[in-house]
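Text of target_16.pdb (PDB, C-alpha atoms) as supplied:
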ATOM      1  CA  VAL D   4     -12.418  58.868 -94.618
ATOM      2  CA  HIS D   5     -14.797  61.669 -93.728
ATOM      3  CA  VAL D   6     -15.153  63.376 -90.381
ATOM      4  CA  VAL D   7     -18.289  64.338 -88.506
ATOM      5  CA  GLU D   8     -18.090  66.911 -85.736
ATOM      6  CA  SER D   9     -20.662  67.092 -82.947
ATOM      7  CA  GLY D  10     -21.200  68.261 -79.406
ATOM      8  CA  GLY D  11     -21.432  71.989 -79.889
ATOM      9  CA  GLY D  12     -24.031  74.217 -78.333
ATOM     10  CA  LEU D  13     -24.630  77.135 -76.042
ATOM     11  CA  VAL D  14     -22.463  77.290 -72.937
ATOM     12  CA  GLN D  15     -22.044  79.922 -70.253
ATOM     13  CA  PRO D  16     -18.741  81.672 -69.670
ATOM     14  CA  GLY D  17     -16.594  79.557 -67.412
ATOM     15  CA  GLY D  18     -18.423  76.413 -68.411
ATOM     16  CA  SER D  19     -17.295  73.253 -70.174
ATOM     17  CA  LEU D  20     -18.180  71.399 -73.322
ATOM     18  CA  ARG D  21     -16.872  68.290 -75.037
ATOM     19  CA  LEU D  22     -16.747  68.089 -78.803
ATOM     20  CA  SER D  23     -16.489  64.850 -80.743
ATOM     21  CA  CYS D  24     -14.938  64.108 -84.087
ATOM     22  CA  ALA D  25     -16.011  60.789 -85.558
ATOM     23  CA  ALA D  26     -14.606  58.988 -88.561
ATOM     24  CA  SER D  27     -17.023  57.979 -91.268
ATOM     25  CA  GLY D  28     -16.191  55.522 -93.991
ATOM     26  CA  GLY D  29     -12.854  54.601 -92.499
ATOM     27  CA  THR D  30     -10.699  54.960 -89.424
ATOM     28  CA  PHE D  31      -8.398  57.448 -87.776
ATOM     29  CA  PHE D  32      -5.853  54.727 -87.137
ATOM     30  CA  ASN D  33      -2.300  56.003 -87.388
ATOM     31  CA  SER D  34      -3.403  59.522 -88.311
ATOM     32  CA  TYR D  35      -2.675  62.877 -86.777
ATOM     33  CA  ILE D  36      -5.968  64.615 -86.014
ATOM     34  CA  ALA D  37      -6.457  68.337 -85.528
ATOM     35  CA  TRP D  38      -9.181  70.629 -84.271
ATOM     36  CA  GLY D  39      -9.570  74.114 -85.619
ATOM     37  CA  ARG D  40     -12.130  76.898 -85.363
ATOM     38  CA  GLN D  41     -13.437  79.867 -87.221
ATOM     39  CA  ALA D  42     -15.031  82.777 -85.428
ATOM     40  CA  PRO D  43     -17.336  85.187 -87.243
ATOM     41  CA  GLY D  44     -15.318  87.524 -89.408
ATOM     42  CA  LYS D  45     -12.063  85.738 -88.679
ATOM     43  CA  GLU D  46      -9.892  83.230 -90.454
ATOM     44  CA  LEU D  47      -9.822  79.544 -89.729
ATOM     45  CA  GLU D  48      -7.286  78.790 -87.016
ATOM     46  CA  TRP D  49      -5.740  75.612 -85.672
ATOM     47  CA  VAL D  50      -6.320  75.047 -81.951
ATOM     48  CA  ALA D  51      -5.210  71.516 -81.067
ATOM     49  CA  GLY D  52      -3.708  68.354 -82.473
ATOM     50  CA  ILE D  53      -2.987  64.817 -81.362
ATOM     51  CA  SER D  54      -0.341  62.472 -82.689
ATOM     52  CA  ASN D  55      -1.169  59.269 -84.516
ATOM     53  CA  ASP D  56      -0.660  57.173 -81.405
ATOM     54  CA  GLY D  57      -2.052  59.664 -78.925
ATOM     55  CA  SER D  58       1.248  60.078 -77.119
ATOM     56  CA  LYS D  59       1.644  63.757 -77.992
ATOM     57  CA  THR D  60      -0.797  66.621 -77.905
ATOM     58  CA  TYR D  61      -0.392  70.143 -79.160
ATOM     59  CA  TYR D  62      -2.280  73.339 -78.423
ATOM     60  CA  SER D  63      -2.402  76.902 -79.590
ATOM     61  CA  GLU D  64      -1.600  79.501 -76.988
ATOM     62  CA  PRO D  65      -5.154  80.837 -76.560
ATOM     63  CA  VAL D  66      -6.486  77.424 -75.505
ATOM     64  CA  GLU D  67      -3.512  75.840 -73.775
ATOM     65  CA  ASP D  68      -4.315  74.582 -70.274
ATOM     66  CA  ARG D  69      -8.060  74.980 -70.939
ATOM     67  CA  PHE D  70      -8.700  72.638 -73.872
ATOM     68  CA  PHE D  71      -7.656  68.998 -73.966
ATOM     69  CA  ILE D  72      -7.591  66.736 -76.981
ATOM     70  CA  SER D  73      -7.821  62.966 -76.720
ATOM     71  CA  ARG D  74      -8.587  60.005 -78.927
ATOM     72  CA  ASP D  75     -10.311  56.664 -78.663
ATOM     73  CA  ASP D  76      -9.269  54.646 -81.680
ATOM     74  CA  ALA D  77     -11.581  51.799 -80.719
ATOM     75  CA  LYS D  78     -14.444  54.229 -81.284
ATOM     76  CA  ASN D  79     -12.781  56.051 -84.177
ATOM     77  CA  THR D  80     -13.370  59.269 -82.292
ATOM     78  CA  VAL D  81     -11.288  62.234 -81.217
ATOM     79  CA  TYR D  82     -12.499  64.548 -78.492
ATOM     80  CA  LEU D  83     -11.899  68.150 -77.583
ATOM     81  CA  GLN D  84     -12.643  68.912 -73.953
ATOM     82  CA  MET D  85     -13.203  72.634 -73.554
ATOM     83  CA  ASN D  86     -12.982  74.079 -70.046
ATOM     84  CA  ASN D  87     -13.313  77.589 -68.639
ATOM     85  CA  VAL D  88     -14.634  78.892 -71.936
ATOM     86  CA  SER D  89     -15.058  82.558 -72.721
ATOM     87  CA  SER D  90     -16.742  84.578 -75.422
ATOM     88  CA  GLU D  91     -13.467  84.447 -77.327
ATOM     89  CA  ASP D  92     -14.090  80.731 -77.846
ATOM     90  CA  THR D  93     -17.319  81.302 -79.766
ATOM     91  CA  ALA D  94     -16.752  79.788 -83.192
ATOM     92  CA  GLN D  95     -17.529  76.991 -85.597
ATOM     93  CA  TYR D  96     -15.275  74.109 -84.628
ATOM     94  CA  TYR D  97     -13.861  71.659 -87.132
ATOM     95  CA  CYS D  98     -11.710  68.580 -87.068
ATOM     96  CA  GLY D  99      -9.576  67.203 -89.845
ATOM     97  CA  ILE D 100      -7.037  64.528 -90.663
ATOM     98  CA  GLY D 101      -3.335  65.001 -91.119
ATOM     99  CA  SER D 102      -1.190  68.074 -91.472
ATOM    100  CA  ARG D 103      -3.573  69.409 -94.110
ATOM    101  CA  TRP D 104      -6.503  69.055 -91.749
ATOM    102  CA  ALA D 105      -8.247  72.138 -93.089
ATOM    103  CA  THR D 106      -8.819  70.428 -96.410
ATOM    104  CA  THR D 107     -10.398  67.365 -94.810
ATOM    105  CA  ARG D 108     -12.568  69.049 -92.220
ATOM    106  CA  GLY D 109     -16.270  68.344 -91.929
ATOM    107  CA  GLN D 110     -19.280  70.607 -91.577
ATOM    108  CA  GLY D 111     -18.249  71.633 -88.108
ATOM    109  CA  THR D 112     -20.153  72.173 -84.898
ATOM    110  CA  GLN D 113     -21.076  75.571 -83.501
ATOM    111  CA  VAL D 114     -19.988  76.607 -80.042
ATOM    112  CA  THR D 115     -21.527  79.752 -78.600
ATOM    113  CA  VAL D 116     -20.360  81.105 -75.271
ATOM    114  CA  SER D 117     -22.892  83.464 -73.763
ATOM    115  CA  SER D 118     -24.660  84.153 -70.514
TER     116      SER D 118
END
As structure tokens - that is how I would like this structure written.
Amino acid sequence: VHVVESGGGLVQPGGSLRLSCAASGGTFFNSYIAWGRQAPGKELEWVAGISNDGSKTYYSEPVEDRFFISRDDAKNTVYLQMNNVSSEDTAQYYCGIGSRWATTRGQGTQVTVSS
């Protein structure tokens, strides 16, 4: 299974954006899915995860209460709703499968927060 991230773009501070992570060549069924990001000059960091059945979600401290992860297994898609974004959220965003999500991530989608 490969993943394809989309939905990035330019957004103003305080704005919202929804990223999508689609499965290609398979399904996300019964898999933990994670979102991570890498800002310029910084290491890749995990930001959110969702359990295999969608009953549990997990967030890193910098995004908690602003970002929300969800999944639609019928569409083989996981979403990351980003609210009240700031310049600190500017990064390439990736999704991946399982606890070793970083090794299965796709090409990513760029999010730039700027006025």
Notebook entry, point to check: Any chance you could work out the residue set of the PyMOL selection byres ((chain D and resi 111) around 7) here, as a list of chain:residue names?
Noted result: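 Those residues are D:Glu8, D:Gln95, D:Tyr96, D:Tyr97, D:Gly109, D:Gln110, D:Thr112, D:Gln113.
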Check: Written as a list in words, what is the full residue list that the PyMOL selection byres ((chain D and resi 50) around 10) yields on the file shown?
Finding: Ala37, Trp38, Gly39, Arg40, Leu47, Glu48, Trp49, Ala51, Gly52, Tyr61, Tyr62, Ser63, Glu64, Pro65, Val66, Glu67, Phe70, Ile72, Leu83, Tyr96, Tyr97 and Cys98 of chain D
Selection file, C-alpha atoms, as a CSV table (one decimal), keeping the file's coordinate frame:
chain,number,residue,atom,x,y,z
D,37,ALA,CA,-6.5,68.3,-85.5
D,38,TRP,CA,-9.2,70.6,-84.3
D,39,GLY,CA,-9.6,74.1,-85.6
D,40,ARG,CA,-12.1,76.9,-85.4
D,47,LEU,CA,-9.8,79.5,-89.7
D,48,GLU,CA,-7.3,78.8,-87.0
D,49,TRP,CA,-5.7,75.6,-85.7
D,51,ALA,CA,-5.2,71.5,-81.1
D,52,GLY,CA,-3.7,68.4,-82.5
D,61,TYR,CA,-0.4,70.1,-79.2
D,62,TYR,CA,-2.3,73.3,-78.4
D,63,SER,CA,-2.4,76.9,-79.6
D,64,GLU,CA,-1.6,79.5,-77.0
D,65,PRO,CA,-5.2,80.8,-76.6
D,66,VAL,CA,-6.5,77.4,-75.5
D,67,GLU,CA,-3.5,75.8,-73.8
D,70,PHE,CA,-8.7,72.6,-73.9
D,72,ILE,CA,-7.6,66.7,-77.0
D,83,LEU,CA,-11.9,68.2,-77.6
D,96,TYR,CA,-15.3,74.1,-84.6
D,97,TYR,CA,-13.9,71.7,-87.1
D,98,CYS,CA,-11.7,68.6,-87.1
Note to self: Here is a test: counting all atoms listed in the file, which residue of D:Gly12, D:Gly17, D:Gly44, D:Gly99 is nearest to Asn87 in chain D?
What the structure shows: D:Gly17
Margin query: Calculated over only C-alpha atoms, which of the candidates D:Gly28, D:Pro43, D:Gly10, D:Gly18 has the smallest distance to Thr93 in chain D?
Written below: D:Pro43
Next item on the list: Give as a VMD selection string every residue, naming chains and numbers as the document does, that has an atom within 12 Å of (-23.4, 79.5, -74.1), counting all atoms listed in the file.
Entry: chain D and resid 11 to 20 87 to 94 113 to 118
Check: When you draw a straight line from CA of Ser27 in chain D to CA of Arg103 in chain D, how long is it in Å?
Finding: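 We find that CA of Ser27 in chain D and CA of Arg103 in chain D lie 17.9 Å from each other.
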Notebook entry, point to check: So which residues touch Asp76 in chain D within 8 Å, counting all atoms listed in the file, skipping near sequence neighbours fewer than 2 positions away, as a PyMOL selection string?
Noted result: chain D and resi 30-32+74+78-81
Next item on the list: Determine the residue membership of the PyMOL selection byres ((chain D and resi 56) around 10) for the file above and supply it as a list in words.
Entry: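 Written out, the selection comes to Phe32, Asn33, Ser34, Tyr35, Ile53, Ser54, Asn55, Gly57, Ser58, Lys59, Arg74 and Asp76 of chain D.
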Padding of 8 Å on every side, edges along x, y and z, all listed atoms of range 75-86 of chain D included: what centre and edge lengths in Å, to one decimal, does that box have, as lines of an AutoDock Vina configuration file?
center_x = -11.9
center_y = 62.9
center_z = -77.1
size_x = 21.2
size_y = 38.3
size_z = 30.1
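The coordinates place CA of Asp68 in chain D at 28.8 Å from CA of His5 in chain D.
Here CA of Gly29 in chain D and CA of Gln41 in chain D stand 25.8 Å from one another.
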Item checked: Residue with smallest distance to Gly101 in chain D - pool D:Met85, D:Ser23, D:Asp75, D:Val4, counting all atoms listed in the file ->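 Once distances to Gly101 in chain D are computed over all atoms listed in the file, the minimum belongs to D:Val4.
With only C-alpha atoms as the atoms that count, the residue of D:Ser102, D:Asn86, D:Ile36, D:Arg108 with the shortest distance to Arg69 in chain D is D:Asn86.
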Keeping just all heavy atoms, export range 54-65 of chain D of this structure as a PDB file, in the first residue's frame.
ATOM      1  N   SER D  54      -6.055   5.488  15.596  1.00  0.00           N
ATOM      2  CA  SER D  54      -6.021   4.039  15.766  1.00  0.00           C
ATOM      3  C   SER D  54      -6.662   3.319  14.582  1.00  0.00           C
ATOM      4  O   SER D  54      -7.339   3.934  13.752  1.00  0.00           O
ATOM      5  CB  SER D  54      -6.728   3.653  17.062  1.00  0.00           C
ATOM      6  OG  SER D  54      -8.098   4.020  17.013  1.00  0.00           O
ATOM      7  N   ASN D  55      -6.462   2.017  14.542  1.00  0.00           N
ATOM      8  CA  ASN D  55      -6.924   1.244  13.389  1.00  0.00           C
ATOM      9  C   ASN D  55      -8.431   1.286  13.208  1.00  0.00           C
ATOM     10  O   ASN D  55      -8.924   1.134  12.080  1.00  0.00           O
ATOM     11  CB  ASN D  55      -6.447  -0.206  13.500  1.00  0.00           C
ATOM     12  CG  ASN D  55      -6.922  -0.886  14.784  1.00  0.00           C
ATOM     13  OD1 ASN D  55      -7.455  -0.244  15.675  1.00  0.00           O
ATOM     14  ND2 ASN D  55      -6.704  -2.177  14.877  1.00  0.00           N
ATOM     15  N   ASP D  56      -9.165   1.505  14.289  1.00  0.00           N
ATOM     16  CA  ASP D  56     -10.617   1.560  14.162  1.00  0.00           C
ATOM     17  C   ASP D  56     -11.167   2.976  14.306  1.00  0.00           C
ATOM     18  O   ASP D  56     -12.386   3.175  14.332  1.00  0.00           O
ATOM     19  CB  ASP D  56     -11.283   0.650  15.192  1.00  0.00           C
ATOM     20  CG  ASP D  56     -10.985   1.064  16.619  1.00  0.00           C
ATOM     21  OD1 ASP D  56     -10.200   2.016  16.825  1.00  0.00           O
ATOM     22  OD2 ASP D  56     -11.531   0.433  17.540  1.00  0.00           O
ATOM     23  N   GLY D  57     -10.280   3.925  14.441  1.00  0.00           N
ATOM     24  CA  GLY D  57     -10.697   5.321  14.548  1.00  0.00           C
ATOM     25  C   GLY D  57     -11.179   5.744  15.919  1.00  0.00           C
ATOM     26  O   GLY D  57     -11.569   6.900  16.102  1.00  0.00           O
ATOM     27  N   SER D  58     -11.132   4.852  16.884  1.00  0.00           N
ATOM     28  CA  SER D  58     -11.687   5.169  18.197  1.00  0.00           C
ATOM     29  C   SER D  58     -10.752   6.038  19.042  1.00  0.00           C
ATOM     30  O   SER D  58     -11.193   6.671  19.999  1.00  0.00           O
ATOM     31  CB  SER D  58     -12.007   3.880  18.955  1.00  0.00           C
ATOM     32  OG  SER D  58     -10.823   3.142  19.210  1.00  0.00           O
ATOM     33  N   LYS D  59      -9.481   6.035  18.693  1.00  0.00           N
ATOM     34  CA  LYS D  59      -8.508   6.821  19.472  1.00  0.00           C
ATOM     35  C   LYS D  59      -7.688   7.701  18.551  1.00  0.00           C
ATOM     36  O   LYS D  59      -7.272   7.274  17.477  1.00  0.00           O
ATOM     37  CB  LYS D  59      -7.598   5.883  20.248  1.00  0.00           C
ATOM     38  CG  LYS D  59      -8.321   5.030  21.286  1.00  0.00           C
ATOM     39  CD  LYS D  59      -7.347   4.142  22.037  1.00  0.00           C
ATOM     40  CE  LYS D  59      -8.084   3.293  23.074  1.00  0.00           C
ATOM     41  NZ  LYS D  59      -7.158   2.394  23.811  1.00  0.00           N
ATOM     42  N   THR D  60      -7.460   8.915  19.011  1.00  0.00           N
ATOM     43  CA  THR D  60      -6.611   9.842  18.274  1.00  0.00           C
ATOM     44  C   THR D  60      -5.533  10.375  19.201  1.00  0.00           C
ATOM     45  O   THR D  60      -5.732  10.456  20.420  1.00  0.00           O
ATOM     46  CB  THR D  60      -7.430  11.009  17.702  1.00  0.00           C
ATOM     47  OG1 THR D  60      -8.138  11.665  18.759  1.00  0.00           O
ATOM     48  CG2 THR D  60      -8.412  10.529  16.649  1.00  0.00           C
ATOM     49  N   TYR D  61      -4.424  10.735  18.617  1.00  0.00           N
ATOM     50  CA  TYR D  61      -3.266  11.155  19.381  1.00  0.00           C
ATOM     51  C   TYR D  61      -2.647  12.383  18.705  1.00  0.00           C
ATOM     52  O   TYR D  61      -2.617  12.459  17.480  1.00  0.00           O
ATOM     53  CB  TYR D  61      -2.218  10.037  19.429  1.00  0.00           C
ATOM     54  CG  TYR D  61      -2.784   8.686  19.797  1.00  0.00           C
ATOM     55  CD1 TYR D  61      -3.225   7.818  18.800  1.00  0.00           C
ATOM     56  CD2 TYR D  61      -2.872   8.279  21.121  1.00  0.00           C
ATOM     57  CE1 TYR D  61      -3.742   6.580  19.126  1.00  0.00           C
ATOM     58  CE2 TYR D  61      -3.388   7.031  21.458  1.00  0.00           C
ATOM     59  CZ  TYR D  61      -3.820   6.194  20.445  1.00  0.00           C
ATOM     60  OH  TYR D  61      -4.340   4.950  20.777  1.00  0.00           O
ATOM     61  N   TYR D  62      -2.153  13.299  19.533  1.00  0.00           N
ATOM     62  CA  TYR D  62      -1.604  14.533  18.992  1.00  0.00           C
ATOM     63  C   TYR D  62      -0.338  14.940  19.737  1.00  0.00           C
ATOM     64  O   TYR D  62      -0.205  14.707  20.943  1.00  0.00           O
ATOM     65  CB  TYR D  62      -2.630  15.670  19.119  1.00  0.00           C
ATOM     66  CG  TYR D  62      -3.926  15.379  18.412  1.00  0.00           C
ATOM     67  CD1 TYR D  62      -5.010  14.846  19.101  1.00  0.00           C
ATOM     68  CD2 TYR D  62      -4.057  15.626  17.044  1.00  0.00           C
ATOM     69  CE1 TYR D  62      -6.197  14.552  18.452  1.00  0.00           C
ATOM     70  CE2 TYR D  62      -5.241  15.334  16.397  1.00  0.00           C
ATOM     71  CZ  TYR D  62      -6.301  14.797  17.094  1.00  0.00           C
ATOM     72  OH  TYR D  62      -7.463  14.499  16.438  1.00  0.00           O
ATOM     73  N   SER D  63       0.552  15.585  19.011  1.00  0.00           N
ATOM     74  CA  SER D  63       1.703  16.169  19.675  1.00  0.00           C
ATOM     75  C   SER D  63       1.263  17.470  20.351  1.00  0.00           C
ATOM     76  O   SER D  63       0.265  18.082  19.969  1.00  0.00           O
ATOM     77  CB  SER D  63       2.821  16.449  18.667  1.00  0.00           C
ATOM     78  OG  SER D  63       2.437  17.448  17.743  1.00  0.00           O
ATOM     79  N   GLU D  64       2.014  17.884  21.308  1.00  0.00           N
ATOM     80  CA  GLU D  64       1.627  19.061  22.082  1.00  0.00           C
ATOM     81  C   GLU D  64       1.464  20.319  21.239  1.00  0.00           C
ATOM     82  O   GLU D  64       0.519  21.088  21.457  1.00  0.00           O
ATOM     83  CB  GLU D  64       2.654  19.265  23.205  1.00  0.00           C
ATOM     84  CG  GLU D  64       2.260  20.325  24.230  1.00  0.00           C
ATOM     85  CD  GLU D  64       2.638  21.717  23.797  1.00  0.00           C
ATOM     86  OE1 GLU D  64       3.574  21.865  22.983  1.00  0.00           O
ATOM     87  OE2 GLU D  64       1.980  22.682  24.245  1.00  0.00           O
ATOM     88  N   PRO D  65       2.341  20.577  20.272  1.00  0.00           N
ATOM     89  CA  PRO D  65       2.213  21.822  19.505  1.00  0.00           C
ATOM     90  C   PRO D  65       0.908  21.942  18.702  1.00  0.00           C
ATOM     91  O   PRO D  65       0.495  23.056  18.352  1.00  0.00           O
ATOM     92  CB  PRO D  65       3.420  21.797  18.565  1.00  0.00           C
ATOM     93  CG  PRO D  65       4.402  20.913  19.241  1.00  0.00           C
ATOM     94  CD  PRO D  65       3.570  19.861  19.895  1.00  0.00           C
TER      95      PRO D  65
END
